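**Q** The following file, model04.cif, comprises mmCIF, C-alpha atoms (C1' of nucleotides):
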```cif
data_input
loop_
_atom_site.label_atom_id
_atom_site.label_comp_id
_atom_site.auth_asym_id
_atom_site.auth_seq_id
_atom_site.Cartn_x
_atom_site.Cartn_y
_atom_site.Cartn_z
CA MET A 1 -39.50 97.23 106.59
CA GLY A 2 -40.85 98.81 109.68
CA ARG A 3 -37.95 99.69 111.88
CA MET A 4 -37.70 103.02 110.16
CA THR A 5 -40.41 104.19 112.44
CA GLY A 6 -38.03 104.30 115.32
CA PRO A 7 -38.43 103.10 118.85
CA HIS A 8 -41.85 104.58 119.33
CA PRO A 9 -44.42 103.89 116.67
CA ASP A 10 -45.48 107.43 116.12
CA THR A 11 -43.88 109.92 118.38
CA GLY A 12 -44.69 113.53 118.11
CA ALA A 13 -42.72 114.60 121.12
CA ASP A 14 -39.31 114.60 119.56
CA GLY A 15 -40.51 116.64 116.65
CA VAL A 16 -38.84 114.90 113.78
CA GLN A 17 -39.64 111.24 114.05
CA ALA A 18 -41.17 108.36 112.27
CA LEU A 19 -42.48 108.01 108.81
CA ASP A 20 -45.85 106.45 108.33
CA ARG A 21 -46.30 103.29 106.36
CA GLN A 22 -47.27 105.10 103.23
CA GLN A 23 -44.25 107.34 103.24
CA LEU A 24 -41.95 104.47 103.91
CA GLY A 25 -43.45 102.39 101.16
CA ALA A 26 -43.10 105.16 98.64
CA TYR A 27 -39.55 105.88 99.67
CA PHE A 28 -38.33 102.31 99.56
CA ALA A 29 -40.14 101.45 96.38
CA LEU A 30 -38.72 104.51 94.72
CA MET A 31 -35.17 103.80 95.70
CA GLU A 32 -35.26 100.15 94.87
CA ALA A 33 -37.00 100.58 91.55
CA VAL A 34 -34.52 103.16 90.38
CA GLY A 35 -31.68 100.99 91.56
CA LEU A 36 -32.96 98.07 89.57
CA LEU A 37 -33.54 100.17 86.52
CA GLN A 38 -30.06 101.61 86.65
CA HIS A 39 -28.58 98.20 87.03
CA GLN A 40 -30.38 96.85 84.00
CA VAL A 41 -29.62 99.87 81.90
CA GLU A 42 -26.00 99.66 82.85
CA GLN A 43 -25.86 96.10 81.73
CA GLN A 44 -27.50 96.76 78.40
CA LEU A 45 -25.17 99.64 77.66
CA ARG A 46 -22.15 97.65 78.64
CA THR A 47 -22.89 94.66 76.51
CA GLU A 48 -24.20 96.54 73.50
CA GLY A 49 -21.75 99.37 73.38
CA GLY A 50 -19.10 98.96 76.02
CA LEU A 51 -20.38 102.09 77.73
CA SER A 52 -21.14 102.85 81.32
CA TYR A 53 -24.28 104.73 82.19
CA VAL A 54 -22.27 107.83 82.91
CA GLN A 55 -20.52 107.65 79.58
CA PHE A 56 -23.82 107.18 77.84
CA GLN A 57 -25.23 110.22 79.57
CA LEU A 58 -22.26 112.28 78.54
CA LEU A 59 -22.61 111.25 74.93
CA ALA A 60 -26.32 111.96 75.12
CA ARG A 61 -25.68 115.46 76.37
CA LEU A 62 -23.18 116.11 73.67
CA ALA A 63 -25.42 114.72 70.99
CA ASP A 64 -28.26 116.84 72.28
CA ALA A 65 -26.33 120.06 72.54
CA HIS A 66 -25.25 119.93 68.97
CA GLY A 67 -22.21 122.07 69.49
CA GLN A 68 -19.53 121.85 72.09
CA LEU A 69 -19.79 121.97 75.84
CA THR A 70 -17.33 122.87 78.53
CA MET A 71 -16.39 120.23 81.03
CA THR A 72 -18.42 121.92 83.70
CA GLN A 73 -21.54 122.14 81.59
CA LEU A 74 -21.09 118.53 80.74
CA ALA A 75 -20.66 117.47 84.32
CA ASP A 76 -23.74 119.19 85.59
CA GLY A 77 -26.34 116.66 86.48
CA VAL A 78 -24.36 113.65 85.45
CA VAL A 79 -21.50 113.35 87.83
CA TYR A 80 -21.05 114.67 91.30
CA SER A 81 -17.40 115.43 91.21
CA ARG A 82 -15.33 117.22 88.64
CA SER A 83 -12.55 114.75 88.90
CA GLY A 84 -14.93 112.02 87.91
CA LEU A 85 -15.68 113.83 84.72
CA THR A 86 -12.02 114.31 83.93
CA TYR A 87 -11.59 110.60 84.25
CA GLN A 88 -14.53 109.68 82.06
CA ALA A 89 -13.68 112.29 79.47
CA GLY A 90 -10.22 110.79 79.32
CA LEU A 91 -11.67 107.39 78.58
CA LEU A 92 -14.06 108.68 75.98
CA GLU A 93 -11.33 110.63 74.29
CA LYS A 94 -9.02 107.66 74.23
CA ALA A 95 -11.83 105.67 72.68
CA GLY A 96 -12.18 108.31 70.00
CA LEU A 97 -15.74 109.19 70.91
CA ILE A 98 -15.10 112.77 71.93
CA THR A 99 -12.49 115.46 71.42
CA ARG A 100 -11.12 117.95 73.89
CA GLY A 101 -9.72 121.28 72.92
CA PRO A 102 -9.16 124.73 74.35
CA SER A 103 -11.94 127.24 74.38
CA PRO A 104 -11.51 130.39 72.37
CA ASP A 105 -13.38 132.48 74.92
CA ASP A 106 -11.88 131.27 78.14
CA GLU A 107 -8.38 129.98 78.15
CA ARG A 108 -9.07 127.89 81.22
CA ALA A 109 -12.06 126.06 79.82
CA THR A 110 -11.90 122.84 77.88
CA MET A 111 -14.42 122.40 75.13
CA VAL A 112 -15.67 118.92 74.49
CA THR A 113 -17.01 117.79 71.13
CA ILE A 114 -18.52 114.50 70.13
CA THR A 115 -16.92 112.80 67.15
CA ASP A 116 -18.69 111.03 64.33
CA ASP A 117 -17.72 107.76 65.90
CA GLY A 118 -19.25 108.94 69.13
CA LEU A 119 -22.47 109.89 67.44
CA ALA A 120 -22.56 106.61 65.60
CA LEU A 121 -22.05 104.59 68.73
CA PHE A 122 -24.66 106.58 70.56
CA GLY A 123 -27.12 105.96 67.79
CA ARG A 124 -26.34 102.30 67.83
CA VAL A 125 -26.87 101.93 71.56
CA LEU A 126 -29.87 104.20 71.97
CA PRO A 127 -32.57 101.82 70.74
CA GLY A 128 -31.58 99.17 73.23
CA HIS A 129 -31.53 101.71 75.99
CA ILE A 130 -34.98 102.92 75.12
CA GLN A 131 -36.17 99.37 74.95
CA VAL A 132 -34.98 98.62 78.45
CA VAL A 133 -36.50 101.74 79.91
CA ARG A 134 -39.74 101.02 78.16
CA ARG A 135 -39.86 97.45 79.28
CA LEU A 136 -38.97 98.07 82.88
CA LEU A 137 -40.39 101.48 83.64
CA PHE A 138 -43.15 102.29 81.20
CA ASP A 139 -44.74 98.94 80.62
CA PRO A 140 -46.37 98.67 84.03
CA LEU A 141 -47.65 102.23 83.86
CA SER A 142 -50.63 103.70 82.10
CA GLY A 143 -50.42 106.96 80.24
CA ASP A 144 -52.07 108.64 83.15
CA ASP A 145 -49.63 107.12 85.60
CA LEU A 146 -46.79 108.32 83.50
CA HIS A 147 -48.14 111.81 83.45
CA HIS A 148 -48.41 111.78 87.21
CA LEU A 149 -44.96 110.38 87.65
CA GLY A 150 -43.43 113.00 85.44
CA ASP A 151 -45.25 115.72 87.25
CA LEU A 152 -44.32 114.49 90.70
CA MET A 153 -40.71 113.85 90.01
CA THR A 154 -40.26 117.10 88.18
CA ARG A 155 -41.51 118.94 91.19
CA VAL A 156 -39.32 116.93 93.52
CA ARG A 157 -36.27 117.41 91.36
CA ASP A 158 -36.77 121.13 91.07
CA HIS A 159 -37.28 121.34 94.79
CA MET A 160 -34.04 119.49 95.38
CA ARG A 161 -32.15 121.51 92.86
CA ALA A 162 -33.16 124.66 94.63
CA GLN A 163 -32.11 123.53 98.07
CA PRO A 164 -28.64 122.11 98.15
CA PRO A 165 -25.29 123.13 96.80
CA ARG A 166 -25.50 121.07 93.68
CA SER A 167 -22.84 118.93 92.05
CA ALA A 168 -20.29 121.59 91.54
CA ALA A 169 -20.50 123.12 94.94
CA PRO A 170 -19.06 126.57 94.63
CA ARG A 171 -15.46 126.14 95.50
CA LYS A 172 -15.68 128.11 98.60
CA ARG A 173 -18.57 130.36 99.17
CA ARG A 174 -17.00 133.59 100.24
CA PRO A 175 -16.67 132.46 103.84
CA ASN A 176 -17.88 135.65 105.40
CA PRO A 177 -18.87 138.50 103.18
CA THR A 178 -19.74 141.03 105.84
CA ALA A 179 -17.93 140.15 109.01
CA ALA A 180 -14.50 139.81 107.51
CA ALA A 181 -15.69 142.75 105.50
CA GLN A 182 -14.02 141.78 102.25
CA ALA A 183 -10.88 142.29 104.28
CA MET B 1 -32.97 116.91 76.43
CA GLY B 2 -34.39 115.97 73.11
CA ARG B 3 -31.88 113.85 71.33
CA MET B 4 -33.27 110.80 73.00
CA THR B 5 -35.91 110.82 70.37
CA GLY B 6 -33.48 109.65 67.78
CA PRO B 7 -32.98 110.88 64.26
CA HIS B 8 -36.63 110.90 63.37
CA PRO B 9 -38.98 112.60 65.74
CA ASP B 10 -41.44 109.78 66.06
CA THR B 11 -40.68 106.80 63.97
CA GLY B 12 -42.88 103.81 64.00
CA ALA B 13 -41.09 102.04 61.23
CA ASP B 14 -38.23 100.64 63.24
CA GLY B 15 -40.51 99.32 65.88
CA VAL B 16 -38.65 100.34 68.99
CA GLN B 17 -37.84 103.99 68.68
CA ALA B 18 -38.29 107.30 70.33
CA LEU B 19 -39.80 108.27 73.59
CA ASP B 20 -42.22 111.12 73.62
CA ARG B 21 -41.58 114.23 75.56
CA GLN B 22 -43.65 113.10 78.49
CA GLN B 23 -41.88 109.80 78.86
CA LEU B 24 -38.52 111.42 78.59
CA GLY B 25 -39.37 114.03 81.16
CA ALA B 26 -40.60 111.45 83.62
CA TYR B 27 -37.57 109.26 83.09
CA PHE B 28 -35.01 112.01 83.48
CA ALA B 29 -36.71 113.67 86.40
CA LEU B 30 -36.95 110.34 88.14
CA MET B 31 -33.33 109.47 87.70
CA GLU B 32 -32.01 112.85 88.60
CA ALA B 33 -34.21 113.30 91.64
CA VAL B 34 -33.22 109.97 93.07
CA GLY B 35 -29.60 110.70 92.36
CA LEU B 36 -29.81 113.95 94.24
CA LEU B 37 -31.64 112.37 97.11
CA GLN B 38 -29.10 109.61 97.44
CA HIS B 39 -26.30 112.08 97.39
CA GLN B 40 -27.79 114.14 100.17
CA VAL B 41 -28.67 111.16 102.26
CA GLU B 42 -25.20 109.80 101.85
CA GLN B 43 -23.74 113.01 103.10
CA GLN B 44 -25.96 113.18 106.14
CA LEU B 45 -25.19 109.62 107.11
CA ARG B 46 -21.50 110.14 106.61
CA THR B 47 -21.22 113.21 108.75
CA GLU B 48 -23.60 112.13 111.47
CA GLY B 49 -22.62 108.54 111.83
CA GLY B 50 -19.70 107.74 109.59
CA LEU B 51 -21.89 105.38 107.61
CA SER B 52 -22.38 104.91 103.92
CA TYR B 53 -25.88 104.48 102.56
CA VAL B 54 -25.25 100.81 102.02
CA GLN B 55 -24.08 100.34 105.57
CA PHE B 56 -27.09 102.18 106.85
CA GLN B 57 -29.38 99.96 104.85
CA LEU B 58 -27.71 96.88 106.20
CA LEU B 59 -28.11 98.06 109.75
CA ALA B 60 -31.72 98.96 109.03
CA ARG B 61 -32.41 95.49 107.76
CA LEU B 62 -30.82 93.92 110.77
CA ALA B 63 -32.64 96.19 113.16
CA ASP B 64 -35.89 95.42 111.42
CA ALA B 65 -35.47 91.67 111.30
CA HIS B 66 -34.95 91.45 114.99
CA GLY B 67 -33.03 88.25 114.84
CA GLN B 68 -30.18 87.24 112.65
CA LEU B 69 -29.91 87.14 108.90
CA THR B 70 -27.70 85.22 106.56
CA MET B 71 -25.41 87.15 104.30
CA THR B 72 -27.55 86.39 101.31
CA GLN B 73 -30.74 87.55 102.94
CA LEU B 74 -28.95 90.66 103.96
CA ALA B 75 -27.61 91.33 100.52
CA ASP B 76 -30.90 91.03 98.76
CA GLY B 77 -32.07 94.39 97.58
CA VAL B 78 -29.16 96.33 98.99
CA VAL B 79 -26.12 95.34 97.05
CA TYR B 80 -25.76 93.89 93.61
CA SER B 81 -22.84 91.63 94.22
CA ARG B 82 -22.11 89.23 97.01
CA SER B 83 -18.55 90.30 97.24
CA GLY B 84 -19.70 93.80 97.94
CA LEU B 85 -21.57 92.56 100.95
CA THR B 86 -18.61 90.62 102.24
CA TYR B 87 -16.61 93.79 102.09
CA GLN B 88 -19.18 95.93 103.87
CA ALA B 89 -19.88 93.29 106.46
CA GLY B 90 -16.18 93.19 107.15
CA LEU B 91 -16.15 96.91 107.79
CA LEU B 92 -19.21 96.82 109.99
CA GLU B 93 -17.79 93.96 111.97
CA LYS B 94 -14.49 95.70 112.44
CA ALA B 95 -16.41 98.72 113.67
CA GLY B 96 -18.19 96.52 116.17
CA LEU B 97 -21.63 97.18 114.76
CA ILE B 98 -22.40 93.64 113.71
CA THR B 99 -21.25 90.13 114.47
CA ARG B 100 -20.72 87.23 112.15
CA GLY B 101 -20.98 83.63 113.16
CA PRO B 102 -21.73 80.22 111.72
CA SER B 103 -25.26 79.10 111.24
CA PRO B 104 -26.49 76.10 113.18
CA ASP B 105 -28.72 74.93 110.35
CA ASP B 106 -26.43 75.29 107.42
CA GLU B 107 -22.73 74.98 107.92
CA ARG B 108 -22.04 77.11 104.86
CA ALA B 109 -24.15 80.05 105.88
CA THR B 110 -22.92 82.96 107.94
CA MET B 111 -25.37 84.50 110.35
CA VAL B 112 -25.13 88.21 110.91
CA THR B 113 -26.33 89.90 114.07
CA ILE B 114 -26.46 93.54 114.96
CA THR B 115 -24.74 94.50 118.18
CA ASP B 116 -25.97 96.93 120.81
CA ASP B 117 -23.52 99.46 119.50
CA GLY B 118 -24.91 98.93 116.04
CA LEU B 119 -28.44 99.45 117.24
CA ALA B 120 -27.43 102.53 119.16
CA LEU B 121 -25.68 104.06 116.21
CA PHE B 122 -28.60 103.28 113.97
CA GLY B 123 -30.95 104.96 116.39
CA ARG B 124 -28.72 107.98 116.57
CA VAL B 125 -28.51 108.41 112.83
CA LEU B 126 -32.08 107.61 111.93
CA PRO B 127 -33.72 110.92 112.83
CA GLY B 128 -31.37 112.85 110.61
CA HIS B 129 -31.98 110.45 107.80
CA ILE B 130 -35.70 110.81 108.12
CA GLN B 131 -35.33 114.52 108.24
CA VAL B 132 -33.43 114.62 104.97
CA VAL B 133 -35.89 112.37 103.21
CA ARG B 134 -38.74 114.43 104.51
CA ARG B 135 -37.22 117.70 103.50
CA LEU B 136 -36.16 116.64 100.03
CA LEU B 137 -38.74 114.13 98.98
CA PHE B 138 -41.91 114.62 100.98
CA ASP B 139 -42.02 118.36 101.43
CA PRO B 140 -42.86 119.17 97.83
CA LEU B 141 -45.52 116.46 97.70
CA SER B 142 -49.07 116.44 98.96
CA GLY B 143 -50.52 113.45 100.73
CA ASP B 144 -52.29 112.55 97.55
CA ASP B 145 -49.12 112.81 95.54
CA LEU B 146 -47.37 110.59 97.97
CA HIS B 147 -50.06 108.00 97.72
CA HIS B 148 -49.73 108.02 93.96
CA LEU B 149 -46.00 107.83 94.07
CA GLY B 150 -46.04 104.88 96.38
CA ASP B 151 -48.57 103.11 94.25
CA LEU B 152 -46.72 103.73 91.02
CA MET B 153 -43.30 102.82 92.23
CA THR B 154 -44.51 99.75 94.01
CA ARG B 155 -45.99 98.50 90.79
CA VAL B 156 -42.86 99.34 88.87
CA ARG B 157 -40.63 97.71 91.40
CA ASP B 158 -42.65 94.54 91.51
CA HIS B 159 -42.68 94.45 87.76
CA MET B 160 -38.92 94.76 87.68
CA ARG B 161 -38.41 92.20 90.36
CA ALA B 162 -40.39 89.71 88.38
CA GLN B 163 -38.50 90.20 85.16
CA PRO B 164 -34.79 90.03 85.62
CA PRO B 165 -32.34 87.78 87.35
CA ARG B 166 -32.07 89.84 90.47
CA SER B 167 -29.00 90.69 92.53
CA ALA B 168 -27.84 87.21 93.18
CA ALA B 169 -28.09 85.89 89.71
CA PRO B 170 -28.08 82.15 89.88
CA ARG B 171 -24.50 81.13 89.61
CA LYS B 172 -24.79 79.63 86.25
CA ARG B 173 -28.06 78.79 84.75
CA ARG B 174 -27.53 75.27 83.59
CA PRO B 175 -25.97 76.24 80.29
CA ASN B 176 -27.84 73.70 78.28
CA PRO B 177 -30.57 71.79 80.07
CA THR B 178 -32.53 70.64 77.09
CA ALA B 179 -31.32 72.61 74.16
CA ALA B 180 -33.07 75.84 75.06
CA ALA B 181 -36.28 74.37 76.22
CA GLN B 182 -37.05 75.11 79.84
CA ALA B 183 -34.64 77.97 80.12
"C1'" DC C 1 -20.97 55.79 99.67
"C1'" DT C 2 -19.55 58.97 96.20
"C1'" DC C 3 -19.48 61.64 92.14
"C1'" DG C 4 -21.36 65.85 90.28
"C1'" DC C 5 -23.90 69.79 90.72
"C1'" DT C 6 -25.66 73.59 93.58
"C1'" DT C 7 -25.29 76.99 97.06
"C1'" DG C 8 -23.00 80.35 100.56
"C1'" DC C 9 -19.41 83.01 101.16
"C1'" DT C 10 -14.66 84.95 100.46
"C1'" DT C 11 -10.56 86.47 97.86
"C1'" DC C 12 -8.52 88.96 94.24
"C1'" DG C 13 -7.79 92.23 90.62
"C1'" DA C 14 -9.76 95.74 87.66
"C1'" DA C 15 -12.46 99.58 87.38
"C1'" DG C 16 -14.87 103.81 88.82
"C1'" DT C 17 -15.89 107.54 92.27
"C1'" DC C 18 -14.96 111.09 95.30
"C1'" DG C 19 -12.57 114.97 97.88
"C1'" DA C 20 -8.48 117.52 98.65
"C1'" DA C 21 -4.75 119.69 96.72
"C1'" DG C 22 -2.51 121.82 92.80
"C1'" DC C 23 -1.85 124.67 88.54
"C1'" DA C 24 -3.27 128.08 85.33
"C1'" DT C 25 -6.21 131.58 83.85
"C1'" DG C 26 -9.71 135.31 84.74
"C1'" DT C 27 -11.48 139.21 87.26
"C1'" DC C 28 -11.74 143.05 90.07
"C1'" DA C 29 -10.65 146.51 93.51
"C1'" DG C 30 -7.34 149.87 94.63
"C1'" DC D 1 -0.34 147.55 87.26
"C1'" DT D 2 -0.79 144.36 91.02
"C1'" DG D 3 -2.30 141.46 94.58
"C1'" DA D 4 -6.11 138.57 96.16
"C1'" DC D 5 -9.59 135.83 95.29
"C1'" DA D 6 -12.66 133.09 91.88
"C1'" DT D 7 -13.03 129.69 88.39
"C1'" DG D 8 -11.86 125.53 85.19
"C1'" DC D 9 -9.70 121.57 85.05
"C1'" DT D 10 -6.38 117.87 86.39
"C1'" DT D 11 -3.71 114.91 89.52
"C1'" DC D 12 -3.44 112.03 93.41
"C1'" DG D 13 -4.68 108.81 96.97
"C1'" DA D 14 -8.29 106.45 99.49
"C1'" DC D 15 -12.28 103.87 99.16
"C1'" DT D 16 -16.00 101.15 97.09
"C1'" DT D 17 -17.92 98.19 93.79
"C1'" DC D 18 -18.22 94.56 90.78
"C1'" DG D 19 -17.31 89.98 88.39
"C1'" DA D 20 -14.56 85.93 88.04
"C1'" DA D 21 -12.46 82.39 90.35
"C1'" DG D 22 -11.96 79.58 94.40
"C1'" DC D 23 -13.18 76.92 98.65
"C1'" DA D 24 -16.24 74.44 101.64
"C1'" DA D 25 -20.57 72.44 102.71
"C1'" DG D 26 -25.28 70.45 101.16
"C1'" DC D 27 -27.96 67.51 98.08
"C1'" DG D 28 -29.37 63.95 94.90
"C1'" DA D 29 -28.91 60.13 91.65
"C1'" DG D 30 -26.83 55.78 90.95
#
```
Mind converting the file's structure to structure tokens?
**A**
Amino acid sequence: MGRMTGPHPDTGADGVQALDRQQLGAYFALMEAVGLLQHQVEQQLRTEGGLSYVQFQLLARLADAHGQLTMTQLADGVVYSRSGLTYQAGLLEKAGLITRGPSPDDERATMVTITDDGLALFGRVLPGHIQVVRRLLFDPLSGDDLHHLGDLMTRVRDHMRAQPPRSAAPRKRRPNPTAAAQA
Amino acid sequence: MGRMTGPHPDTGADGVQALDRQQLGAYFALMEAVGLLQHQVEQQLRTEGGLSYVQFQLLARLADAHGQLTMTQLADGVVYSRSGLTYQAGLLEKAGLITRGPSPDDERATMVTITDDGLALFGRVLPGHIQVVRRLLFDPLSGDDLHHLGDLMTRVRDHMRAQPPRSAAPRKRRPNPTAAAQA
DNA sequence: CTCGCTTGCTTCGAAGTCGAAGCATGTCAG
DNA sequence: CTGACATGCTTCGACTTCGAAGCAAGCGAG
């Protein structure tokens, strides 16, 4: 795990180069740990409820937001493409866990509602999910650690959210507001 | 983001129930931040080098371990199924970035070597990768934060590694060695 | 030696994911 | 009103991933 430092151990000439050992360690540990956690969670959800992680997240969002959500609201933060959501929503609907219907406000929008079956399944799967997260993520951490972790990752997440064109990248940012002068 | 606490706010009766607000926040922030980071990294690698994150990781491993690696060694920690590696290795080989050949020691094993082209490409893509990680992950963190993060995640990762049957789950744990004794 | 189990890798089919393109509705300037 | 662009969702095709099954090579007891 050291080749990430590039040809020269610690160049400063090129400007952007090399990560020190500490940075690398944090980066790799972070990525691998989350990967492992996801994998385990996925497995638990699959065997206990026949759900994928994505599907679980969708149900969680719907259960949380007691009412209905539009597809777009639902997608935000869970899936990185709208088509992916359409697919998953189709599965969940076919399984009778959610319902899709037109929105009264906006004829284009599709409102998604969780069914009683959906809520029931969610409730049935949740304890196992929590158990896995607890066992894998929280067990090796003290309360103080946890506080730190939450703080750090919240900052990082907010920083990331601010920067990039998130999941639903605006279809096409008006390509050139001034130059083409709203032609 | 509160439904994760289950029907009752803070049950102790059921045993395993409910995560407090702090735990939830840490968990969600962690998962989302890593998701965002992966997504951005993926994009950078794709546009700058035509590589997926997995492929990049494989090249990184090969570049790091200067010599050759077997498929299994290569897979460990990168991919969760062996077949996935076979597929990716096939792509990388077709692209001329790696080479596969028989192992002298073990006739079953396949040794993978990175080619000069592979090394070159890796070197060309690396700076951009580092830049993205720096910008998204390290920028909003102080040196102290980073130290904490590395410490925490290393502990978590090691804890996880110890627990579960990792990537290459043993083919089939002897189904019944001595009733359920040693298992 | 040889049968039986393990290990290393590949093949195959079933998902799931994404981006581009498409359709329908909404919105706004003129 | 109307044309042009924005927005919400779906369809489609390409790609990736995984798990199960399969093949070939090691390994160990009898």
**Q** Can you translate the PyMOL selection byres ((chain B and resi 60) around 9) into the concrete residues it hits in this file, as a ChimeraX atom specification?
**A** /A:1,3-4 /B:55-59,61-65,119,122
**Q** Which residues of chain C are close to chain A, meaning at most 7 Å apart when you count only C-alpha atoms (C1' of nucleotides), and how do they look as a PDB file with C-alpha atoms (C1' of nucleotides), in the frame of the given file?
**A**
```
ATOM      1  C1'  DT C  17     -15.890 107.540  92.270  1.00  0.00           C
ATOM      2  C1'  DC C  18     -14.960 111.090  95.300  1.00  0.00           C
ATOM      3  C1'  DT C  25      -6.210 131.580  83.850  1.00  0.00           C
TER       4       DT C  25
END
```
**Q** Quick one: pull the distance between CA of Val54 in chain B and CA of Leu126 in chain B, Å, one decimal.
**A**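 About the pair CA of Val54 in chain B and CA of Leu126 in chain B: they are 13.8 Å apart.
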**Q** Which neighbours of DG8 in chain C fall inside 12 Å, counting all atoms listed in the file, when residues of the same chain fewer than 2 positions from it are skipped, and could you give them as a ChimeraX atom specification?
**A** /B:70-73,75,82-83,86,102-103,106-111,168,170-171 /C:6,10 /D:23-26
**Q** For the residues selected in the previous step, produce a file with C-alpha atoms (C1' of nucleotides) as a tab-separated table (two decimals), in the frame of the given file.
**A**
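After the write, again_13.tsv holds the following:
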```
chain	number	residue	atom	x	y	z
B	70	THR	CA	-27.70	85.22	106.56
B	71	MET	CA	-25.41	87.15	104.30
B	72	THR	CA	-27.55	86.39	101.31
B	73	GLN	CA	-30.74	87.55	102.94
B	75	ALA	CA	-27.61	91.33	100.52
B	82	ARG	CA	-22.11	89.23	97.01
B	83	SER	CA	-18.55	90.30	97.24
B	86	THR	CA	-18.61	90.62	102.24
B	102	PRO	CA	-21.73	80.22	111.72
B	103	SER	CA	-25.26	79.10	111.24
B	106	ASP	CA	-26.43	75.29	107.42
B	107	GLU	CA	-22.73	74.98	107.92
B	108	ARG	CA	-22.04	77.11	104.86
B	109	ALA	CA	-24.15	80.05	105.88
B	110	THR	CA	-22.92	82.96	107.94
B	111	MET	CA	-25.37	84.50	110.35
B	168	ALA	CA	-27.84	87.21	93.18
B	170	PRO	CA	-28.08	82.15	89.88
B	171	ARG	CA	-24.50	81.13	89.61
C	6	DT	C1'	-25.66	73.59	93.58
C	10	DT	C1'	-14.66	84.95	100.46
D	23	DC	C1'	-13.18	76.92	98.65
D	24	DA	C1'	-16.24	74.44	101.64
D	25	DA	C1'	-20.57	72.44	102.71
D	26	DG	C1'	-25.28	70.45	101.16
```
**Q** If you count only C-alpha atoms (C1' of nucleotides), which residues fall within 10 Å of DG22 in chain C, apart from same-chain ones fewer than 6 positions away, as a list of chain:residue names?
**A**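 The filter keeps D:DT10, D:DT11, D:DC12.
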**Q** Output the selection as a PDB file, in the frame of the given file - C-alpha atoms (C1' of nucleotides) for each residue.
**A**
```pdb
ATOM      1  C1'  DT D  10      -6.380 117.870  86.390  1.00  0.00           C
ATOM      2  C1'  DT D  11      -3.710 114.910  89.520  1.00  0.00           C
ATOM      3  C1'  DC D  12      -3.440 112.030  93.410  1.00  0.00           C
TER       4       DC D  12
END
```
**Q** The PyMOL selection byres ((chain C and resi 1) around 12) on the file shown: which residues, as an NGL selection string?
**A** (:C and (2-3)) or (:D and (30))
**Q** Could you list, as number ranges by chain, every residue matched by the PyMOL selection byres ((chain A) within 8 of (chain B)) in this structure?
**A** A: 1-4, 6, 16-19, 22-23, 25-27, 29-34, 36-37, 60-61, 63-64, 77, 123, 126-127, 130-131, 136-138, 140-141, 145-157, 159-160
**Q** Please report, as a tab-separated table, each residue of chain D lying at most 12 Å from chain A, together with the nearest pair of atoms and the separation in Å rounded to one decimal; use all atoms listed in the file, and order rows by chain and ascending residue number.
**A**
```
residue	atom	partner	partner_atom	distance
D:DA4	C1'	A:Ala183	CA	10.1
D:DC5	C1'	A:Arg174	CA	9.2
D:DA6	C1'	A:Arg171	CA	8.3
D:DT7	C1'	A:Arg171	CA	8.3
D:DG8	C1'	A:Arg108	CA	5.4
D:DC9	C1'	A:Ala109	CA	7.3
D:DT10	C1'	A:Thr86	CA	7.1
D:DT11	C1'	A:Ser83	CA	8.9
D:DC12	C1'	A:Ser83	CA	10.5
D:DC18	C1'	A:His39	CA	11.6
```
**Q** Enter the distance from C1' of DC12 in chain C to C1' of DG19 in chain D, in Å, rounded to one decimal.
**A**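 Interatomic distance, C1' of DC12 in chain C to C1' of DG19 in chain D: 10.6 Å.
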**Q** Go ahead and compute the interatomic distance for C1' of DA29 in chain D and C1' of DT7 in chain C, in Å to one decimal.
**A**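 It comes out at 18.1 Å.
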**Q** Out of D:DG13, D:DG28, D:DG3, D:DA21, which residue has the shortest atom-to-atom distance to DT27 in chain C when counting only C-alpha atoms (C1' of nucleotides)?
**A**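 Ranked by minimum distance to DT27 in chain C, first place goes to D:DG3.
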**Q** Edge lengths and centre, in Å to one decimal, as lines of an AutoDock Vina configuration file: that's what I need for the box along x, y and z that holds all listed atoms of range 53-67 of chain A plus 6 Å on each side.
**A**
```
center_x = -24.4
center_y = 113.4
center_z = 75.9
size_x = 19.7
size_y = 29.3
size_z = 25.9
```
**Q** List the neighbours of Glu93 in chain A out to 10 Å using only C-alpha atoms (C1' of nucleotides); skip same-chain residues closer than 4 positions along the sequence, and give me the result as an MDAnalysis selection string.
**A** chainID A and resid 87:89 97:100 112:115 118
**Q** With the input short on atoms, add N, CA and C atoms back to range 149-154 of chain B and write it as a short mmCIF file (atom, residue, chain, number, x, y, z; two decimals), keeping the file's coordinate frame.
**A**
```cif
data_model
loop_
_atom_site.label_atom_id
_atom_site.label_comp_id
_atom_site.auth_asym_id
_atom_site.auth_seq_id
_atom_site.Cartn_x
_atom_site.Cartn_y
_atom_site.Cartn_z
N LEU B 149 -47.39 108.22 94.26
CA LEU B 149 -46.00 107.83 94.07
C LEU B 149 -45.75 106.42 94.59
N GLY B 150 -46.22 106.19 95.79
CA GLY B 150 -46.04 104.88 96.38
C GLY B 150 -46.68 103.80 95.52
N ASP B 151 -47.86 104.08 95.07
CA ASP B 151 -48.57 103.11 94.25
C ASP B 151 -47.81 102.83 92.96
N LEU B 152 -47.43 103.89 92.28
CA LEU B 152 -46.72 103.73 91.02
C LEU B 152 -45.43 102.95 91.18
N MET B 153 -44.63 103.41 92.11
CA MET B 153 -43.30 102.82 92.23
C MET B 153 -43.37 101.39 92.74
N THR B 154 -44.35 101.12 93.55
CA THR B 154 -44.51 99.75 94.01
C THR B 154 -44.80 98.84 92.82
#
```
